[in-house]
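query-v5.cif follows (mmCIF, C-alpha atoms):
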```cif
data_input
#
loop_
_atom_site.label_atom_id
_atom_site.label_comp_id
_atom_site.auth_asym_id
_atom_site.auth_seq_id
_atom_site.Cartn_x
_atom_site.Cartn_y
_atom_site.Cartn_z
CA MET A 1 5.24 128.97 89.16
CA ASN A 2 8.87 128.02 89.71
CA THR A 3 9.49 124.29 90.25
CA ARG A 4 12.82 122.88 91.47
CA ILE A 5 13.87 119.27 90.90
CA ALA A 6 16.94 117.97 92.75
CA LEU A 7 19.43 115.90 90.74
CA TYR A 8 21.18 112.91 92.31
CA PRO A 9 24.04 110.87 90.82
CA ALA A 10 21.99 107.68 91.29
CA VAL A 11 19.57 108.91 88.59
CA PHE A 12 22.25 108.74 85.87
CA SER A 13 23.03 105.64 83.83
CA GLU A 14 24.55 104.86 80.43
CA GLN A 15 21.01 104.78 79.06
CA GLU A 16 19.81 108.32 78.37
CA LYS A 17 16.68 109.10 80.39
CA ILE A 18 14.17 111.88 79.84
CA LEU A 19 13.73 113.77 83.13
CA LEU A 20 11.04 116.12 81.91
CA GLN A 21 9.37 117.03 78.66
CA SER A 22 6.93 119.72 77.56
CA SER A 23 5.92 121.42 74.33
CA ALA A 24 8.87 123.83 74.77
CA PHE A 25 11.62 121.73 76.40
CA LYS A 26 13.13 118.30 76.84
CA VAL A 27 15.64 117.55 79.62
CA SER A 28 17.60 114.29 79.58
CA ALA A 29 20.30 112.73 81.77
CA TRP A 30 22.96 110.06 81.21
CA ALA A 31 26.48 108.95 82.14
CA TYR A 32 29.23 108.92 79.53
CA PRO A 33 31.33 105.73 79.26
CA SER A 34 34.04 107.75 81.07
CA GLY A 35 31.70 107.98 84.07
CA VAL A 36 31.08 111.73 83.76
CA LEU A 37 27.43 112.64 84.34
CA ALA A 38 25.59 114.84 81.82
CA VAL A 39 22.29 116.66 81.42
CA SER A 40 20.92 118.06 78.17
CA LEU A 41 18.62 121.09 77.98
CA GLU A 42 16.80 121.08 74.66
CA ASN A 43 14.38 123.49 72.99
CA SER A 44 13.06 123.91 69.43
CA ARG A 45 16.35 125.53 68.29
CA GLY A 46 18.89 123.08 69.71
CA ARG A 47 20.49 121.80 72.87
CA LEU A 48 23.11 122.31 75.55
CA VAL A 49 24.97 119.44 77.24
CA ILE A 50 26.04 120.38 80.77
CA LEU A 51 28.10 118.44 83.31
CA PRO A 52 26.10 119.06 86.51
CA PHE A 53 28.63 117.56 88.92
CA GLN A 54 31.90 118.51 87.16
CA GLY A 55 32.16 122.29 87.49
CA GLN A 56 28.81 122.66 85.72
CA MET A 57 30.79 123.22 82.55
CA ILE A 58 28.82 123.30 79.30
CA TRP A 59 30.29 120.44 77.33
CA SER A 60 28.60 121.23 74.02
CA ALA A 61 26.16 123.63 72.39
CA VAL A 62 24.36 123.09 69.06
CA PHE A 63 21.66 125.42 67.70
CA ASP A 64 19.97 125.58 64.30
CA GLY A 65 22.25 122.73 63.25
CA CYS A 66 25.39 124.77 63.99
CA ASP A 67 27.96 123.40 66.45
CA LEU A 68 29.12 126.29 68.65
CA THR A 69 31.90 124.30 70.33
CA MET A 70 35.63 124.38 69.59
CA SER A 71 37.15 121.45 67.70
CA ASN A 72 39.12 119.40 70.21
CA LEU A 73 40.85 116.16 71.10
CA PHE A 74 38.12 114.68 73.31
CA GLU A 75 35.20 112.54 72.13
CA GLN A 76 33.71 112.70 75.63
CA PRO A 77 34.40 114.55 78.87
CA ARG A 78 36.85 112.87 81.21
CA PRO A 79 36.82 112.85 85.01
CA SER A 80 39.66 115.16 86.00
CA PRO A 81 40.43 117.64 88.78
CA THR A 82 41.93 120.06 86.23
CA ILE A 83 40.69 121.40 82.89
CA ILE A 84 43.80 120.51 80.90
CA ASP A 85 42.94 116.76 80.90
CA THR A 86 39.43 117.32 79.50
CA TYR A 87 39.90 120.51 77.46
CA GLY A 88 37.18 120.28 74.86
CA CYS A 89 34.10 121.95 76.31
CA PHE A 90 32.07 124.89 75.04
CA MET A 91 32.31 126.79 78.33
CA PHE A 92 33.86 126.47 81.76
CA HIS A 93 33.97 128.67 84.85
CA SER A 94 37.60 129.78 85.13
CA GLY A 95 38.81 130.79 88.60
CA LEU A 96 37.85 131.47 91.30
CA LEU A 97 40.78 132.04 93.65
CA ARG A 98 43.27 131.79 90.80
CA ASN A 99 42.84 132.22 87.06
CA GLY A 100 44.65 132.13 83.76
CA CYS A 101 47.91 130.57 82.59
CA PRO A 102 50.32 130.06 85.50
CA ALA A 103 53.72 131.69 85.10
CA PRO A 104 56.85 129.95 86.47
CA ASP A 105 56.39 131.78 89.81
CA ASP A 106 52.73 130.66 90.15
CA THR A 107 51.61 127.53 91.98
CA HIS A 108 48.04 127.23 90.68
CA ALA A 109 46.62 124.94 88.00
CA LEU A 110 45.72 126.29 84.55
CA HIS A 111 42.54 128.37 85.02
CA GLY A 112 42.24 127.59 88.71
CA GLU A 113 40.21 125.19 90.83
CA MET A 114 36.64 125.81 89.59
CA PRO A 115 36.49 124.38 86.00
CA CYS A 116 36.19 120.74 87.14
CA ALA A 117 35.02 121.33 90.73
CA PRO A 118 33.08 118.39 92.26
CA MET A 119 29.70 120.06 92.75
CA ASP A 120 27.96 119.36 96.05
CA THR A 121 24.44 119.76 94.68
CA ALA A 122 22.71 120.19 91.32
CA TRP A 123 19.11 120.87 90.38
CA LEU A 124 16.69 121.79 87.62
CA GLU A 125 14.34 124.74 87.77
CA VAL A 126 11.34 125.04 85.49
CA ASP A 127 9.30 128.18 85.03
CA GLU A 128 7.05 129.54 82.32
CA GLY A 129 9.16 129.64 79.15
CA VAL A 130 12.41 128.85 81.00
CA VAL A 131 14.43 125.82 82.09
CA ARG A 132 17.53 126.25 84.26
CA LEU A 133 20.28 123.97 85.56
CA GLY A 134 21.90 125.20 88.77
CA GLY A 135 24.17 123.95 91.48
CA ALA A 136 26.41 124.76 94.41
CA TYR A 137 29.99 123.98 95.37
CA GLU A 138 31.58 124.82 98.69
CA TYR A 139 35.35 125.23 98.67
CA ALA A 140 37.13 125.02 102.01
CA LYS A 141 40.80 124.77 102.81
CA GLY A 142 42.07 124.28 106.34
CA PHE A 143 43.69 127.56 107.49
CA GLY A 144 42.71 129.05 104.13
CA ASP A 145 39.83 130.27 102.01
CA ARG A 146 36.21 129.17 102.11
CA TYR A 147 33.58 130.12 99.56
CA ARG A 148 30.36 128.94 97.92
CA ALA A 149 30.06 129.03 94.12
CA SER A 150 26.57 128.88 92.60
CA PRO A 151 26.63 128.63 88.78
CA SER A 152 23.59 128.23 86.53
CA VAL A 153 22.60 128.00 82.86
CA THR A 154 19.21 129.27 81.67
CA LEU A 155 17.60 128.26 78.36
CA ARG A 156 14.46 129.96 77.04
CA ALA A 157 11.83 128.55 74.73
CA ASP A 158 12.57 129.00 71.02
CA SER A 159 15.82 130.90 71.68
CA ALA A 160 19.41 130.02 70.75
CA VAL A 161 20.77 132.64 73.17
CA PHE A 162 21.12 131.45 76.77
CA ASP A 163 22.30 132.89 80.09
CA ILE A 164 25.33 131.74 82.09
CA ASP A 165 25.41 133.01 85.67
CA MET A 166 27.78 132.68 88.61
CA GLN A 167 27.42 133.87 92.19
CA VAL A 168 30.37 133.63 94.58
CA THR A 169 30.02 134.12 98.34
CA ASN A 170 33.03 134.44 100.63
CA LEU A 171 32.08 132.26 103.61
CA ALA A 172 35.30 133.00 105.51
CA GLY A 173 35.86 135.61 108.18
CA LYS A 174 38.58 137.34 106.15
CA PRO A 175 38.76 138.79 102.62
CA MET A 176 39.53 136.46 99.71
CA ASP A 177 41.09 136.96 96.28
CA LEU A 178 38.61 136.64 93.39
CA MET A 179 39.57 135.97 89.77
CA TYR A 180 36.79 134.87 87.41
CA MET A 181 36.48 134.41 83.66
CA ALA A 182 33.47 133.13 81.70
CA HIS A 183 35.60 130.97 79.39
CA MET A 184 33.51 130.37 76.24
CA ASN A 185 35.35 128.26 73.65
CA TYR A 186 33.51 129.05 70.43
CA ALA A 187 34.07 127.18 67.18
CA TYR A 188 36.43 128.47 64.53
CA VAL A 189 34.48 129.56 61.41
CA ASP A 190 36.44 130.16 58.20
CA GLY A 191 35.97 133.70 56.95
CA ALA A 192 34.14 134.89 60.06
CA ARG A 193 34.55 138.52 61.11
CA PHE A 194 34.90 140.04 64.57
CA ILE A 195 32.27 142.71 65.19
CA GLU A 196 32.12 145.11 68.16
CA PRO A 197 29.16 147.38 67.27
CA LEU A 198 29.81 149.76 70.19
CA GLY A 199 33.58 149.78 69.80
CA MET A 200 36.29 150.01 72.45
CA GLN A 201 39.11 152.36 73.43
CA ARG A 202 41.92 149.94 72.69
CA GLN A 203 42.74 146.39 71.61
CA ARG A 204 46.10 145.04 72.81
CA LEU A 205 48.04 141.95 71.80
CA ARG A 206 49.30 139.69 74.59
CA THR A 207 53.07 139.90 74.38
CA SER A 208 53.96 137.40 77.11
CA VAL A 209 54.45 133.78 75.96
CA PRO A 210 53.03 131.10 78.31
CA ASP A 211 54.87 127.79 78.70
CA HIS A 212 52.38 125.90 76.50
CA VAL A 213 53.03 128.25 73.53
CA LYS A 214 55.92 127.22 71.26
CA PRO A 215 56.64 130.11 68.84
CA THR A 216 57.58 129.57 65.19
CA PRO A 217 59.45 132.16 63.08
CA ALA A 218 56.35 132.87 60.94
CA TRP A 219 54.17 133.26 64.04
CA SER A 220 56.70 135.54 65.72
CA ALA A 221 56.85 137.78 62.62
CA TYR A 222 53.04 137.94 62.47
CA MET A 223 52.87 138.76 66.18
CA ALA A 224 55.26 141.66 65.61
CA GLN A 225 52.82 143.01 62.99
CA LEU A 226 49.81 142.53 65.26
CA ALA A 227 51.52 144.28 68.13
CA GLU A 228 51.72 147.39 65.94
CA GLN A 229 48.29 146.99 64.31
CA PRO A 230 46.09 144.62 66.33
CA ALA A 231 42.94 145.61 64.41
CA GLN A 232 44.32 144.00 61.23
CA LEU A 233 43.15 140.62 62.53
CA ALA A 234 39.48 141.37 61.82
CA CYS A 235 38.68 138.22 59.84
CA LEU A 236 39.57 134.54 60.25
CA GLU A 237 41.32 134.11 56.91
CA GLN A 238 44.93 133.05 57.70
CA PRO A 239 44.63 129.89 59.83
CA ALA A 240 48.28 128.92 59.35
CA LEU A 241 49.25 132.00 61.37
CA TYR A 242 47.01 131.08 64.32
CA ASP A 243 49.29 128.22 65.40
CA PRO A 244 50.29 128.72 68.15
CA GLU A 245 47.55 130.79 69.76
CA ILE A 246 46.89 134.51 69.54
CA VAL A 247 45.40 136.43 72.50
CA PHE A 248 44.13 140.01 72.63
CA PHE A 249 43.03 142.17 75.57
CA PHE A 250 40.33 144.85 75.35
CA ASP A 251 40.28 148.21 77.15
CA GLY A 252 37.33 150.59 77.51
CA VAL A 253 34.68 148.36 75.94
CA GLY A 254 31.66 150.35 74.73
CA THR A 255 28.20 149.75 76.25
CA ASP A 256 24.59 150.50 75.36
CA ALA A 257 22.13 152.53 77.43
CA THR A 258 21.56 149.56 79.75
CA GLY A 259 25.28 149.02 80.45
CA GLN A 260 25.67 145.97 78.18
CA ALA A 261 28.62 145.32 75.88
CA HIS A 262 27.95 143.37 72.67
CA PHE A 263 30.32 141.18 70.64
CA LEU A 264 29.67 139.11 67.52
CA LEU A 265 31.52 136.63 65.35
CA ASP A 266 29.83 137.20 61.98
CA HIS A 267 29.60 134.14 59.72
CA PRO A 268 29.84 134.42 55.93
CA SER A 269 26.29 132.98 55.85
CA GLY A 270 24.90 136.05 57.66
CA ALA A 271 24.38 134.25 60.98
CA ALA A 272 26.56 135.03 64.01
CA PHE A 273 27.83 133.85 67.36
CA TYR A 274 26.91 136.44 69.97
CA THR A 275 27.80 137.46 73.54
CA ARG A 276 26.70 140.32 75.76
CA TYR A 277 27.82 141.15 79.29
CA ARG A 278 28.22 144.04 81.74
CA PRO A 279 31.72 145.55 82.04
CA GLU A 280 30.71 146.72 85.54
CA GLN A 281 30.83 143.00 86.46
CA PHE A 282 33.74 142.07 84.19
CA ALA A 283 36.38 144.81 84.17
CA HIS A 284 38.45 142.99 81.54
CA ALA A 285 37.93 140.94 78.38
CA ALA A 286 40.14 138.85 76.12
CA ARG A 287 40.02 137.12 72.71
CA TRP A 288 41.64 133.75 72.02
CA ILE A 289 42.27 132.38 68.53
CA LEU A 290 43.86 129.00 67.76
CA HIS A 291 43.97 126.81 64.65
CA THR A 292 46.00 123.59 64.81
CA PRO A 293 45.37 120.15 63.29
CA ASP A 294 43.80 119.02 66.57
CA GLN A 295 42.18 122.13 68.05
CA GLN A 296 40.42 125.09 66.47
CA VAL A 297 38.83 127.84 68.51
CA ALA A 298 37.65 131.42 68.02
CA ALA A 299 36.82 132.61 71.53
CA PHE A 300 35.80 136.05 70.27
CA VAL A 301 35.23 137.51 73.74
CA LEU A 302 36.11 136.14 77.18
CA PRO A 303 34.68 138.46 79.88
CA SER A 304 36.81 138.42 83.02
CA THR A 305 37.64 140.23 86.24
CA CYS A 306 41.34 140.11 85.26
CA GLU A 307 43.65 139.24 82.40
CA PRO A 308 44.59 135.53 82.03
CA GLU A 309 48.30 135.80 82.82
CA GLY A 310 48.38 134.02 86.17
CA TYR A 311 47.99 135.10 89.77
CA ASN A 312 51.27 136.87 90.45
CA ALA A 313 51.23 138.88 87.21
CA GLU A 314 47.62 139.97 87.75
CA LYS A 315 48.29 140.79 91.41
CA ALA A 316 51.16 143.03 90.36
CA LYS A 317 48.87 144.81 87.89
CA GLY A 318 46.24 145.40 90.57
CA HIS A 319 43.75 143.20 88.70
CA VAL A 320 42.99 140.70 91.48
CA ARG A 321 39.65 141.60 93.02
CA VAL A 322 39.19 141.28 96.79
CA LEU A 323 35.88 139.95 98.09
CA PRO A 324 35.23 141.02 101.70
CA ALA A 325 34.28 138.50 104.39
CA LYS A 326 30.69 137.22 103.96
CA ALA A 327 30.23 139.31 100.77
CA SER A 328 28.95 138.02 97.42
CA ALA A 329 29.68 138.84 93.79
CA SER A 330 27.42 138.06 90.83
CA PHE A 331 28.27 137.61 87.16
CA SER A 332 26.02 137.10 84.12
CA VAL A 333 26.68 136.50 80.44
CA SER A 334 24.17 135.99 77.62
CA THR A 335 25.57 134.11 74.66
CA GLY A 336 24.69 131.82 71.77
CA TYR A 337 23.66 131.78 68.13
CA LEU A 338 21.82 134.38 66.05
CA SER A 339 20.17 133.56 62.74
CA ALA A 340 20.83 136.03 59.94
CA GLN A 341 17.46 137.71 60.68
CA GLU A 342 18.14 137.90 64.43
CA ARG A 343 21.60 139.32 63.82
CA GLN A 344 20.18 141.99 61.51
CA ARG A 345 17.54 142.98 64.05
CA LEU A 346 20.18 143.34 66.75
CA LEU A 347 22.32 145.68 64.68
CA ASP A 348 19.50 147.76 63.15
#
```

Please express the file's structure as structure tokens.
Amino acid sequence: MNTRIALYPAVFSEQEKILLQSSAFKVSAWAYPSGVLAVSLENSRGRLVILPFQGQMIWSAVFDGCDLTMSNLFEQPRPSPTIIDTYGCFMFHSGLLRNGCPAPDDTHALHGEMPCAPMDTAWLEVDEGVVRLGGAYEYAKGFGDRYRASPSVTLRADSAVFDIDMQVTNLAGKPMDLMYMAHMNYAYVDGARFIEPLGMQRQRLRTSVPDHVKPTPAWSAYMAQLAEQPAQLACLEQPALYDPEIVFFFDGVGTDATGQAHFLLDHPSGAAFYTRYRPEQFAHAARWILHTPDQQVAAFVLPSTCEPEGYNAEKAKGHVRVLPAKASASFSVSTGYLSAQERQRLLD
């Protein structure tokens, strides 16, 4: 039987409170000193920390003692209308009207309006073997767009792989632009290898240079090599060359018989970070690698409806999806941590 429990800001305090507990799960709630509200979903393998009223971003993810989250500058999430002032989370919903790095001719914020959106409602759902955090946010602009975003995160008993879902409904009487990326900021693991068991038609290096990227001579020379042979970056073994960032785009991603694409970041230990998604929902995908003294990330796959080069560039490419009036679009990603045994079973 499915049970829904509404969450209210008044429930949260600096003292962590257990909201529910069973043999399979523990759910707790608290407020960070910054004032940002948080909920943890915990099972026997680990826990997720989610910000239910700030874009429902996943602030952190730890399973089997392994921290899945990028190294960053922030000890805690900060209240902010834009992602750049609290950029340290494991995952955020990038979009939805605009997405990616704004070029000089763009007017939107980095990764759009959704990452830190002030959610209208949030709730817990409990079912047999499953706990889910969901919510809703209604965007409305006078003389402009109006939509409802409904994200959720689902954790299963005894599993370190979890589901991230997003449904977007155009509430307006006219079509709206839709740009969405499931932006998962995985940790950098020395010596880890990128694995795409079903392959792809082509891997391309991003050749444009966003404003926040400041090239060095060594980086520029390495980028020239990667542009010719992008597959040579198969292993995280030259961190000095990943400053500033490196971004790849994927074309023609391979799928299994059920339409799922699979990507892994193989650890030297035999374990792996893992993501699967449906290219029929996400027509594009990217990879983001960065290693600086303050931030390290190996976002091995970022499923998206477009490439992350800003609204005008993506519009010119024909990558901006149009959602008809009153229509909805749904997106789902499964991601997380595989033990060495689980990874082997997946690839056998």

Check your understanding: Which residues match the PyMOL selection byres ((chain A and resi 99) around 6) in the file above, as number ranges by chain?
Key -> A: 95, 98, 100, 111-112, 179, 310

Check your understanding: Using all atoms listed in the file, which residues sit within 9 Å of Thr107 of chain A once same-chain residues fewer than 4 positions away are excluded, as number ranges by chain?
Key -> A: 102-103, 311

Got time to write the residues from that selection, C-alpha atoms, as a PDB file, in the frame of the given file?
```pdb
ATOM      1  CA  PRO A 102      50.320 130.060  85.500  1.00  0.00           C
ATOM      2  CA  ALA A 103      53.720 131.690  85.100  1.00  0.00           C
ATOM      3  CA  TYR A 311      47.990 135.100  89.770  1.00  0.00           C
TER       4      TYR A 311
END
```

Practice item. Could you tell me how far atom CA of Ser80 of chain A lies from atom CA of Cys116 of chain A, in Å and to one decimal? Key: 6.7 Å

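Residues of protein, DNA or RNA having at least one counted atom within 10 Å of (40.0, 114.8, 83.7), given only C-alpha atoms, are Ser34, Val36, Gln54, Pro77, Arg78, Pro79, Ser80, Pro81, Thr82, Ile83, Ile84, Asp85, Thr86, Tyr87 and Cys116 of chain A.
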
**Study point:** Residues selected by the PyMOL selection byres ((chain A and resi 38) around 9), written as a list in words
**Key:**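 Listing what the PyMOL selection byres ((chain A and resi 38) around 9) selects in the shown file: Phe12, Ser28, Ala29, Trp30, Ala31, Tyr32, Val36, Leu37, Val39, Ser40, Val49, Ile50, Leu51, Pro52, Phe53 and Trp59 of chain A.
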
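Counting only C-alpha atoms, the residue from A:Glu237, A:Asp165, A:Glu196, A:Asp145 that sits nearest to Met181 of chain A is A:Asp165.
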
Practice item. Identify, on the basis of only C-alpha atoms, every residue whose closest approach to Arg45 of chain A does not exceed 8 Å; exclude the query and any residue fewer than 6 positions from it along the same chain; express the result as a VMD selection string. Key: chain A and resid 63 to 64 158 to 160

**Study point:** Residue members of the PyMOL selection byres ((chain A and resi 315-325) around 12) in the file shown, as a ChimeraX atom specification
**Key:** /A:95-100,106,145-147,167-181,281-284,304-314,326-330

**Study point:** Length of the atom CA of Glu342 of chain A to atom CA of Val131 of chain A vector [Å]
**Key:**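 Atom CA of Val131 of chain A lies 21.7 Å from atom CA of Glu342 of chain A.
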
Point to revise | Separation of atom CA of Pro197 of chain A from atom CA of Gln296 of chain A in Å | key: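 Separation of atom CA of Gln296 of chain A and atom CA of Pro197 of chain A: 25.0 Å.
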
Exercise for review: Would you list the contacts of segment 220-230 of chain A as a PyMOL selection string, taking every protein, DNA or RNA residue within 10 Å and counting all atoms listed in the file, but skipping same-chain residues closer than 3 positions in sequence?
Suggested key: chain A and resi 202-207+215-217+233-234+241-242+244+246+248

Please produce an output containing C-alpha atoms for each residue in the selection, written as a tab-separated table (two decimals), in the coordinates of the input.
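Resulting contents of part14.tsv:
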```
chain	number	residue	atom	x	y	z
A	202	ARG	CA	41.92	149.94	72.69
A	203	GLN	CA	42.74	146.39	71.61
A	204	ARG	CA	46.10	145.04	72.81
A	205	LEU	CA	48.04	141.95	71.80
A	206	ARG	CA	49.30	139.69	74.59
A	207	THR	CA	53.07	139.90	74.38
A	215	PRO	CA	56.64	130.11	68.84
A	216	THR	CA	57.58	129.57	65.19
A	217	PRO	CA	59.45	132.16	63.08
A	233	LEU	CA	43.15	140.62	62.53
A	234	ALA	CA	39.48	141.37	61.82
A	241	LEU	CA	49.25	132.00	61.37
A	242	TYR	CA	47.01	131.08	64.32
A	244	PRO	CA	50.29	128.72	68.15
A	246	ILE	CA	46.89	134.51	69.54
A	248	PHE	CA	44.13	140.01	72.63
```

**Study point:** Minimum-distance residue to Thr154 of chain A, chosen among A:Gly65, A:Gly134, A:Gly142, A:Gly254 (using only C-alpha atoms)
**Key:** A:Gly134

Practice item. May I have the residues within 8 Å of Ala61 of chain A as a ChimeraX atom specification, using only C-alpha atoms and disregarding those fewer than 4 positions away in the same chain? Key: /A:46-49,67-69,90

Check your understanding: Near Phe25 of chain A, counting only C-alpha atoms, which residues have an atom at most 7 Å away, once you skip same-chain residues fewer than 4 positions from it, shown as a list of chain:residue names?
Key ->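 Neighbouring residues, sequence-local ones excluded: A:Gln21, A:Glu42, A:Asn43.
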
Point to revise | Counting only C-alpha atoms, the residue of A:Lys214, A:Ala182, A:Leu347, A:Ala240 that sits nearest Val301 of chain A | key: A:Ala182
